[in-house]
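To keep things clear, I will list the structure first and then write my remarks on it.
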Amino acid sequence: MKNLSVKFKVTLWYTLAMILVSSLVLLTMHSLNNEIIERDISSRIEKTVEETSRQFLGRDGRMRSVPGFVYYAQGVHMALYDANGNSVGGQIPFSLDATADFMPNILRTEITAAGKYYIYDKPIRAQDTIYWLKGVVSVSDENYSAVSSLKTNLLVTIILICIAAIGGYFIISRAFVPVNKISKTAREIADSNDLTQRINIGAGRDEICALANTFDEMLEKIEKTFNREKQFTSDASHELRTPVAVILSECEYMTDCAKTTEEFLESADVVKRQAKKMSKLISELLTISRMDKNTLQLNFEETDISELLGFVCDEQIEIHDTNILLERKIVPGITAKADRSLLSRLFINLISNAYQYSKETGTITVSLSETPGNVICSVADTGIGISQENLPKIWERFYQVDDARTANESGSMGLGLSMVKWIAQCHGGSITVNSELGKGSEFVFTFPKEPHNLK
Ligand code: ADP
């Protein structure tokens with residue numbers, strides 16, 4: 001049974017159920033029919049024999065002869081006997097013993113090889129002697145039509161059950177097509193590792209179609225995640241390869257070619273800068289991997305955002321020794337529940353980007369304000385700006401609008417904004433950007449003071 005397919009099992013079960021129910025119905029109908037027929041016979045035989053017996057008795061109380069009398073009425077065979085049991089007229093079925101004892105006015109049954117009979121004997125008391133009128137009805141004869149209708153019903157029922165079983169099997173087979181497709185697709189994916197495969201069952205409103213479509217959606221997501229992971233690994237190794245190559249070549253130069261202390265120091269300086277770049281990248285990769293795994297420890301506490309942003313601005317001014325002016329429009333005393341270190345990372349990334357993508361001179365405006373429930377922070381610059389076409393891509397990991405400009409001493413790898421977006425989401429907030437190529441950009445970060453939907 002275990003090895004049978006589900007569609008075969010279902011068909012088998014409901015066919016058996018139909019056979020059982022139909023048999024019960026047919027049997028009940030047949031036995032009810034029999035009961036009605038026998039009840040009808042018992043009332044009919046008595047009535048017919050009684051009425052017939054009256055026709056043989058004359059007004060003077062003597063037996064009278066009825067010429068051309070028919071000893072058959074209402075399905076009752078009748079025979080007349082004299083006091084000695086000799087047949088005087090009529091005929092009862094041959095299989096019954098014609099000389100059997102008479103039982104006055106008692107309805108009885110007799111079963112012979114030919115079938116079951118109802119028998120009723122009526123004594124006719126004439127003046128001088130006694131006659132017997134015997135009435136007989138064959139139950140088998142009466143049942144004939146019931147049996148033949150049972151046979152017809154049985155045949156029709158068998159045909160209907162066959163049609164239902166074949167039709168049902170066909171419908172179940174059709175319904176199972178998506179299930180077969182699901183298992184075939186799953187098997188092919190397992191064998192080939194090809195995540196681009198889909199079930200593609202199309203629109204349908206039944207549960208199995210819904211399952212197939214959900215399966216396709218899940219495959220879509222798995223494929224995207226898998227590709228992102230692959231891209232991430234390849235981008236990360238690509239980014240790490242450059243500083244490693246530079247370090248190796250500088251080391252070779254130091255061991256094989258450098259002669260003076262200045263040359264050694266120069267190479268050592270390059271190695272130091274590349275090592276710093278690698279260290280920054282590794283720490284960013286670590287943070288991103290923790291972000292993905294949700295294992296980054298978040299520490300939400302009441303924080304003075306104005307003060308925190310002020311510190312970051314001071315720090316950034318100190319780091320960037322340029323002609324770029326950093327202007328602050330920070331409303332003092334704004335507090336919110338936030339993770340201090342993550343939030344300062346967000347501010348650092350936004351402000352350092354503003355410095356990095358500004359022209360030789362320009363202004364960066366850092367603003368902080370509040371509404372009753374939210375904190376709004378904006379970092380605007382008058383730098384190179386971002387084209388509308390590239391705007392949606394800047395949040396992607398390792399995306400850099402201009403590789404040549406960014407893959408430089410600063411060690412930028414295109415991870416900053418993806419981290420900013422994640423930190424914004426962590427705080428239940430959002431970040432948007434407005435930018436115009438050649439004119440500048442403005443990043444606006446809004447988050448609730450009391451974050452409820454924390455990531
Ligand atoms: P990166 O480490 O390269 O700065 P980010 O994720 O921080 O990576 O930024 C992604 C890209 O978005 C940058 O390479 C740059 O092209 C663009 N970008 C980010 N901030 C600005 C800005 N203030 N002005 C112009 N372009 C920017």
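In the structure tokens, chains take the letters A, B, ... in the order shown, each chain's residues start at 1, and ligands count up from 1 in the order shown.
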
Going by DSSP on the backbone, which bits of region 55-294 of chain A are strand (DSSP E or B)? Write them as an NGL selection string, please.
:A and (57 or 63 or 72-73 or 76-81 or 87-90 or 104 or 107-112 or 115-125 or 130-138)

Could the residues that lie within 7 Å of ligand 1, counting only C-alpha atoms and all ligand atoms, be listed as JSON, numbers by chain?
{"A": [349, 350, 353, 354, 357, 358, 381, 383, 384, 385, 386, 394, 395, 397, 398, 399, 400, 401, 402, 403, 406, 412, 413, 414, 415, 416, 417, 418, 440, 441]}

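Checking A:Thr335, A:Ser31, A:Ser149, A:Ser378 one by one against Pro448 (chain A), counting only C-alpha atoms, you find the shortest gap at A:Thr335.
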
From the options A:Glu396, A:Asp82, A:Asp292, A:Glu302, which residue's atoms come nearest to Gln231 (chain A), counting only C-alpha atoms?
A:Glu396

Just the number, please: distance in Å from CA of Glu442 (chain A) to CA of Ala336 (chain A), one decimal.
22.5 Å

Please list as an mmCIF file with C-alpha atoms, in the first residue's frame every residue within 10 Å of Val66 (chain A), counting only C-alpha atoms and excluding residues in the same chain fewer than 6 positions away.
data_model
loop_
_atom_site.group_PDB
_atom_site.id
_atom_site.type_symbol
_atom_site.label_atom_id
_atom_site.label_comp_id
_atom_site.auth_asym_id
_atom_site.auth_seq_id
_atom_site.Cartn_x
_atom_site.Cartn_y
_atom_site.Cartn_z
ATOM 1 C CA GLN A 55 -69.513 -17.061 -5.700
ATOM 2 C CA PHE A 56 -69.823 -20.887 -5.268
ATOM 3 C CA LEU A 57 -72.549 -20.751 -2.627
#

Fewer than 2 positions away in the same chain doesn't count, so skip those; otherwise give me all residues within 12 Å of Ile319 (chain A), counting only C-alpha atoms, as a PyMOL selection string.
chain A and resi 312-317+321-322+324+348+351-352+355-356+410

Tell me which protein, DNA and RNA residues are within 12 Å of Lys9 (chain A), counting only C-alpha atoms, leaving out same-chain ones fewer than 5 positions away, and put them as a PyMOL selection string.
chain A and resi 1-4+14-16+165+168-169+172-173

Name the residues in contact with region 282-286 of chain A at a cut-off of 8 Å, using only C-alpha atoms, excluding same-chain residues fewer than 3 positions from it; report them as number ranges by chain.
A: 236, 278-279, 289-290, 415

For N, CA, C and O atoms, I'd like the residues from the last selection saved as a JSON list (two decimals), in the first residue's frame.
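Here's the written file selection.json:
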[["chain", "number", "residue", "atom", "x", "y", "z"],
["A", 236, "ALA", "N", 34.66, 41.27, -2.38],
["A", 236, "ALA", "CA", 35.55, 41.41, -1.22],
["A", 236, "ALA", "C", 36.94, 40.91, -1.57],
["A", 236, "ALA", "O", 37.95, 41.56, -1.25],
["A", 278, "MET", "N", 43.48, 47.66, 4.18],
["A", 278, "MET", "CA", 42.99, 46.29, 4.33],
["A", 278, "MET", "C", 42.30, 46.11, 5.68],
["A", 278, "MET", "O", 41.26, 45.47, 5.78],
["A", 279, "SER", "N", 42.92, 46.71, 6.68],
["A", 279, "SER", "CA", 42.35, 46.57, 8.03],
["A", 279, "SER", "C", 40.95, 47.20, 8.08],
["A", 279, "SER", "O", 40.02, 46.62, 8.65],
["A", 289, "SER", "N", 29.03, 41.30, 7.81],
["A", 289, "SER", "CA", 28.67, 39.89, 8.02],
["A", 289, "SER", "C", 27.86, 39.73, 9.30],
["A", 289, "SER", "O", 26.91, 38.97, 9.35],
["A", 290, "ARG", "N", 28.21, 40.51, 10.33],
["A", 290, "ARG", "CA", 27.43, 40.45, 11.58],
["A", 290, "ARG", "C", 26.03, 41.03, 11.37],
["A", 290, "ARG", "O", 25.05, 40.56, 11.93],
["A", 415, "LEU", "N", 31.11, 50.45, 0.64],
["A", 415, "LEU", "CA", 30.33, 49.75, 1.66],
["A", 415, "LEU", "C", 29.62, 50.71, 2.60],
["A", 415, "LEU", "O", 28.69, 50.33, 3.31]]

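For the residues A:Leu346, A:Val177, A:Leu96, A:Leu265, ranking by smallest atom-to-atom distance to Ala113 (chain A) using only C-alpha atoms places A:Leu96 first.
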
Using only C-alpha atoms, which residues sit within 9 Å of Thr48 (chain A) once same-chain residues fewer than 2 positions away are excluded, as a list in words?
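Counting only the stated atoms, we get Ser43, Arg44, Ile45, Glu46, Glu50, Glu51, Thr52, Ser53, Ala73, Gln74, Val76 and Gly135 of chain A.
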
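Proximity of A:Ile124, A:Leu27, A:Ala203, A:Leu308 to Met63 (chain A), computed with only C-alpha atoms, is greatest for A:Ile124.
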
Looking only at the backbone, which of the residues in region 44-95 of chain A does DSSP tag as alpha helix (DSSP H), as number ranges by chain?
A: 44-56

So how many Å separate CA of Ser435 (chain A) and CA of His238 (chain A), to one decimal?
29.2 Å
